[in-house]
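Enquirer: Pasting in a structure now, in structure tokens, and then I'll have a few things to ask.
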2 protein chains.
Amino acid sequence: MSHSTGQFRVLLTVDCLVFGFEKNELKLLLVPNEGDGEPGKWSLIGGFLQEAESLDETAICILEKVTGLKEVYMESLKPFSNPKRGLSERTIGIAYFFLVNFNRLDHQAIKRHKAKWFLINQMPAMVADHREIVNSAIEQLRCSADRRLVLFELLQEQFTLPELLTVYESVYGKVFDVRNFNRKFLSMGFLLKQTEKSWLTSKKGAFYYKLDKELYSLSFIDYKV
Amino acid sequence: MSHSTGQFRVLLTVDCLVFGFEKNELKLLLVPNEGDGEPGKWSLIGGFLQEAESLDETAICILEKVTGLKEVYMESLKPFSNPKRGLSERTIGIAYFFLVNFNRLDHQAIKRHKAKWFLINQMPAMVADHREIVNSAIEQLRCSADRRLVLFELLQEQFTLPELLTVYESVYGKVFDVRNFNRKFLSMGFLLKQTEKSWLTSKKGAFYYKLDKELYSLSFIDYKV
């Protein structure tokens, strides 16, 4: 068929969406846009695919440069390929999302790259189709959270049930019933109650929990919340 | 960062996974591999991205050529980009899956392209990383089926509950409890019981159902089975 005769080559960019959870809020890391005619807008952290690298390798390399992190939960998204994406040459965009633990970040590296955190529901104006990429990443993150318990990746080693609830509510963009939510997670059996309480969110305090890592990894596949 | 100086361009192929449901079995359409040193193996239907097209457009065009179908449910997968994919030049593979209604296919066109249907659990030897692409498509299909009721796309206008169950069991690769399964779907309220029965699957017969299209499309988003 005619589709096998084309010898048309394209540039590939890798865009990284770094999601973090800090002060009870879900945030995304962006950099100021530089020099493609859309001043004042923000952009995903990214770069071009290199010859010797897979897309995954390029993404991991970009993440490490900006955040200092290496081994974090990542997923690639479907490609963005509209011929009119608003870039000077035909470029296909491949995006990845990463779920990072806020405490482990290299905040100096982030500063050096002029990167800034934005609240998920207060995104600034973004270049080209980056806003569309963000929406698509959130949709895929929900899908993954449905099937695997990936959202724990955003939490610290010790966390409270209200924090867990907030992560879920931020990602899904809706309010869950607190009692049902807590009951569901406690019944899964891998939340280990600690003796200390957090006093940040309520006067009564909220017990800290840790993950039973072994049970958690067993339940990682095919569990719907 | 160094990732923005590269001016490396690649070829992009679009590979189409066409899933169909016939005679109570889930099948995938493949073509015999031609001329890249892996004789006797089978390949996904595909071609190169063209200059004026988005990846979606290329995929739709390829699908139409081989199956005669145009407007069917489709999703793109994450890219396949390993530098050692076993192709002579660096090529990134973008795959799409389509869910087709077997009755609407142009079987002449399929024959002309020497394409053949294979049972999902009896795949032949496949070129390069195509087997990996198939696995990845099935995983994504499950994820979509979890969140949206996409599997109805594989059924005829009239279908029985045993057929619906078989579609789910084929895609998920596991056995569901018949009673719970039927109860769940009947309680959703968009299955319209018909007066006729099918006598294909049991002596007792099984009533046909149709979708209440309006209610079904309302429940399309965010419904977990």
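Each chain in the structure tokens gets a letter, A, B, ..., in the order shown, and its residues are numbered from 1; ligands are numbered from 1 in order too.
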Please report, as a PyMOL selection string, each residue of region 8-182 of chain A to which DSSP assigns alpha helix (DSSP H) when run on this structure's backbone.

Expert: chain A and resi 55-67+107-112+130-147+161-172+178-182

Enquirer: Could you work out which residues of chain B fall inside 10 Å of chain A? Count only C-alpha atoms, and format the result as a ChimeraX atom specification.

Expert: /B:1-14,46-59,61-62,65-66,75-84,90-92,94-96,113,140,142-144,146-147,222,224-225

Enquirer: Skipping near chain neighbours, those fewer than 2 positions away, what residues fall within 10 Å of Glu163 (chain B) using only C-alpha atoms, listed as a PyMOL selection string?

Expert: chain B and resi 21+23-25+155-156+159-161+165-169+201+206+208

Enquirer: Please identify all polymer residues within 7 Å of Leu99 (chain A), counting only C-alpha atoms, omitting same-chain residues fewer than 5 positions from it, and present them as a PDB file with N, CA, C and O atoms, in the first residue's frame.

Expert:
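Everything below was put into around-v3.pdb:
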ATOM      1  N   VAL A  18       6.028  16.006  35.444  1.00  0.00           N
ATOM      2  CA  VAL A  18       6.444  15.568  36.772  1.00  0.00           C
ATOM      3  C   VAL A  18       5.358  15.965  37.770  1.00  0.00           C
ATOM      4  O   VAL A  18       5.130  17.148  38.011  1.00  0.00           O
ATOM      5  N   PHE A  19       4.658  14.955  38.298  1.00  0.00           N
ATOM      6  CA  PHE A  19       3.614  15.214  39.293  1.00  0.00           C
ATOM      7  C   PHE A  19       4.179  15.028  40.698  1.00  0.00           C
ATOM      8  O   PHE A  19       4.862  14.028  40.968  1.00  0.00           O
ATOM      9  N   GLY A  20       3.902  15.991  41.578  1.00  0.00           N
ATOM     10  CA  GLY A  20       4.324  15.879  42.968  1.00  0.00           C
ATOM     11  C   GLY A  20       3.173  16.272  43.890  1.00  0.00           C
ATOM     12  O   GLY A  20       2.252  16.980  43.485  1.00  0.00           O
ATOM     13  N   VAL A  72      11.879   6.410  39.383  1.00  0.00           N
ATOM     14  CA  VAL A  72      10.538   6.767  39.861  1.00  0.00           C
ATOM     15  C   VAL A  72       9.521   6.150  38.923  1.00  0.00           C
ATOM     16  O   VAL A  72       9.837   5.736  37.807  1.00  0.00           O
ATOM     17  N   TYR A  73       8.286   6.102  39.383  1.00  0.00           N
ATOM     18  CA  TYR A  73       7.214   5.524  38.564  1.00  0.00           C
ATOM     19  C   TYR A  73       6.997   6.382  37.330  1.00  0.00           C
ATOM     20  O   TYR A  73       6.822   7.595  37.422  1.00  0.00           O
ATOM     21  N   MET A  74       7.015   5.764  36.137  1.00  0.00           N
ATOM     22  CA  MET A  74       6.804   6.518  34.896  1.00  0.00           C
ATOM     23  C   MET A  74       5.929   5.760  33.907  1.00  0.00           C
ATOM     24  O   MET A  74       5.863   4.533  33.933  1.00  0.00           O
ATOM     25  N   GLU A 153       2.852   6.317  45.131  1.00  0.00           N
ATOM     26  CA  GLU A 153       4.167   6.827  44.718  1.00  0.00           C
ATOM     27  C   GLU A 153       4.324   8.309  45.044  1.00  0.00           C
ATOM     28  O   GLU A 153       5.433   8.818  45.141  1.00  0.00           O
ATOM     29  N   LEU A 154       3.213   9.009  45.170  1.00  0.00           N
ATOM     30  CA  LEU A 154       3.254  10.447  45.426  1.00  0.00           C
ATOM     31  C   LEU A 154       3.423  10.780  46.902  1.00  0.00           C
ATOM     32  O   LEU A 154       3.734  11.916  47.262  1.00  0.00           O
TER      33      LEU A 154
END

Enquirer: Using only C-alpha atoms, which of B:Gly189, B:Pro162, B:Ser88, B:Tyr209 sits nearest Asp177 (chain B)?

Expert: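 Of all the options, B:Pro162 lies closest to Asp177 (chain B).
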
Enquirer: Give me, please, the distance in Å between CA of Phe118 (chain B) and CA of Leu29 (chain B), quoted to one decimal.

Expert: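 Result for CA of Phe118 (chain B) versus CA of Leu29 (chain B): 6.4 Å, one decimal.
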
Enquirer: Quick check, in Å to one decimal: how far apart do CA of His130 (chain B) and CA of Ile60 (chain A) lie?

Expert: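 Rounded to one decimal, the two atoms are 24.5 Å apart.
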
Enquirer: Calculated over only C-alpha atoms, which of the candidates A:Leu186, A:Ala125, A:Ala115, A:Val134 has the smallest distance to Glu38 (chain A)?

Expert: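 That would be A:Ala125, the residue with the smallest distance to Glu38 (chain A).
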
Enquirer: Do you know which residues are at most 9 Å from Tyr216 (chain A) counting only C-alpha atoms, after dropping those on the same chain fewer than 6 positions away, and could you put them as number ranges by chain?

Expert: A: 149, 188-191

Enquirer: Go ahead and save the picked residues with C-alpha atoms, as a PDB file, in the first residue's frame.

Expert:
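The new file again33.pdb reads:
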ATOM      1  CA  LEU A 149      -2.350   1.448  43.122  1.00  0.00           C
ATOM      2  CA  MET A 188      -6.913  -4.173  51.474  1.00  0.00           C
ATOM      3  CA  GLY A 189      -4.674  -5.152  54.347  1.00  0.00           C
ATOM      4  CA  PHE A 190      -1.416  -3.482  53.385  1.00  0.00           C
ATOM      5  CA  LEU A 191      -1.781  -0.237  55.344  1.00  0.00           C
TER       6      LEU A 191
END

Enquirer: Going by DSSP on the backbone, which bits of region 2-214 of chain B are strand (DSSP E or B)? Write them as JSON, numbers by chain, please.

Expert: {"B": [9, 10, 11, 12, 13, 14, 15, 16, 17, 18, 19, 20, 21, 22, 25, 26, 27, 28, 29, 30, 31, 32, 42, 43, 45, 46, 47, 48, 73, 74, 75, 76, 80, 91, 92, 93, 94, 95, 96, 97, 98, 99, 100, 116, 117, 118, 119, 126, 159, 160, 191, 192, 193, 194, 195, 196, 197, 198, 206, 207, 208, 209, 210, 211]}

Enquirer: Please provide the set of residues having any atom within 9 Å of Gly40 (chain A), restricted to only C-alpha atoms, with same-chain residues fewer than 3 positions apart removed, written as a ChimeraX atom specification.

Expert: /A:32-34,125-126

Enquirer: Keeping only N, CA, C and O atoms, write the selected residues as a PDB file, in the first residue's frame.

Expert:
ATOM      1  N   PRO A  32       9.692  27.952  32.180  1.00  0.00           N
ATOM      2  CA  PRO A  32       9.266  29.076  31.337  1.00  0.00           C
ATOM      3  C   PRO A  32       9.632  28.768  29.888  1.00  0.00           C
ATOM      4  O   PRO A  32      10.692  28.197  29.629  1.00  0.00           O
ATOM      5  N   ASN A  33       8.783  29.114  28.975  1.00  0.00           N
ATOM      6  CA  ASN A  33       9.044  28.878  27.562  1.00  0.00           C
ATOM      7  C   ASN A  33      10.126  29.830  27.067  1.00  0.00           C
ATOM      8  O   ASN A  33      10.146  30.994  27.422  1.00  0.00           O
ATOM      9  N   GLU A  34      11.021  29.301  26.251  1.00  0.00           N
ATOM     10  CA  GLU A  34      12.094  30.164  25.742  1.00  0.00           C
ATOM     11  C   GLU A  34      12.160  30.131  24.224  1.00  0.00           C
ATOM     12  O   GLU A  34      12.360  29.090  23.610  1.00  0.00           O
ATOM     13  N   ALA A 125      -0.841  29.750  31.261  1.00  0.00           N
ATOM     14  CA  ALA A 125      -0.914  29.614  29.796  1.00  0.00           C
ATOM     15  C   ALA A 125       0.278  28.788  29.333  1.00  0.00           C
ATOM     16  O   ALA A 125       1.403  29.010  29.784  1.00  0.00           O
ATOM     17  N   MET A 126       0.039  27.816  28.455  1.00  0.00           N
ATOM     18  CA  MET A 126       1.109  26.908  28.030  1.00  0.00           C
ATOM     19  C   MET A 126       1.302  26.960  26.514  1.00  0.00           C
ATOM     20  O   MET A 126       0.361  27.195  25.764  1.00  0.00           O
TER      21      MET A 126
END

Enquirer: Please indicate the distance in Å from CA of Ser170 (chain B) to CA of Leu26 (chain B), rounded to one decimal place.

Expert: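 The value is 6.2 Å.
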
Enquirer: Hey, what's within 10 Å of Leu105 (chain A) if we count only C-alpha atoms and toss same-chain stuff fewer than 3 positions away? As a count of residues only, please?

Expert: 12
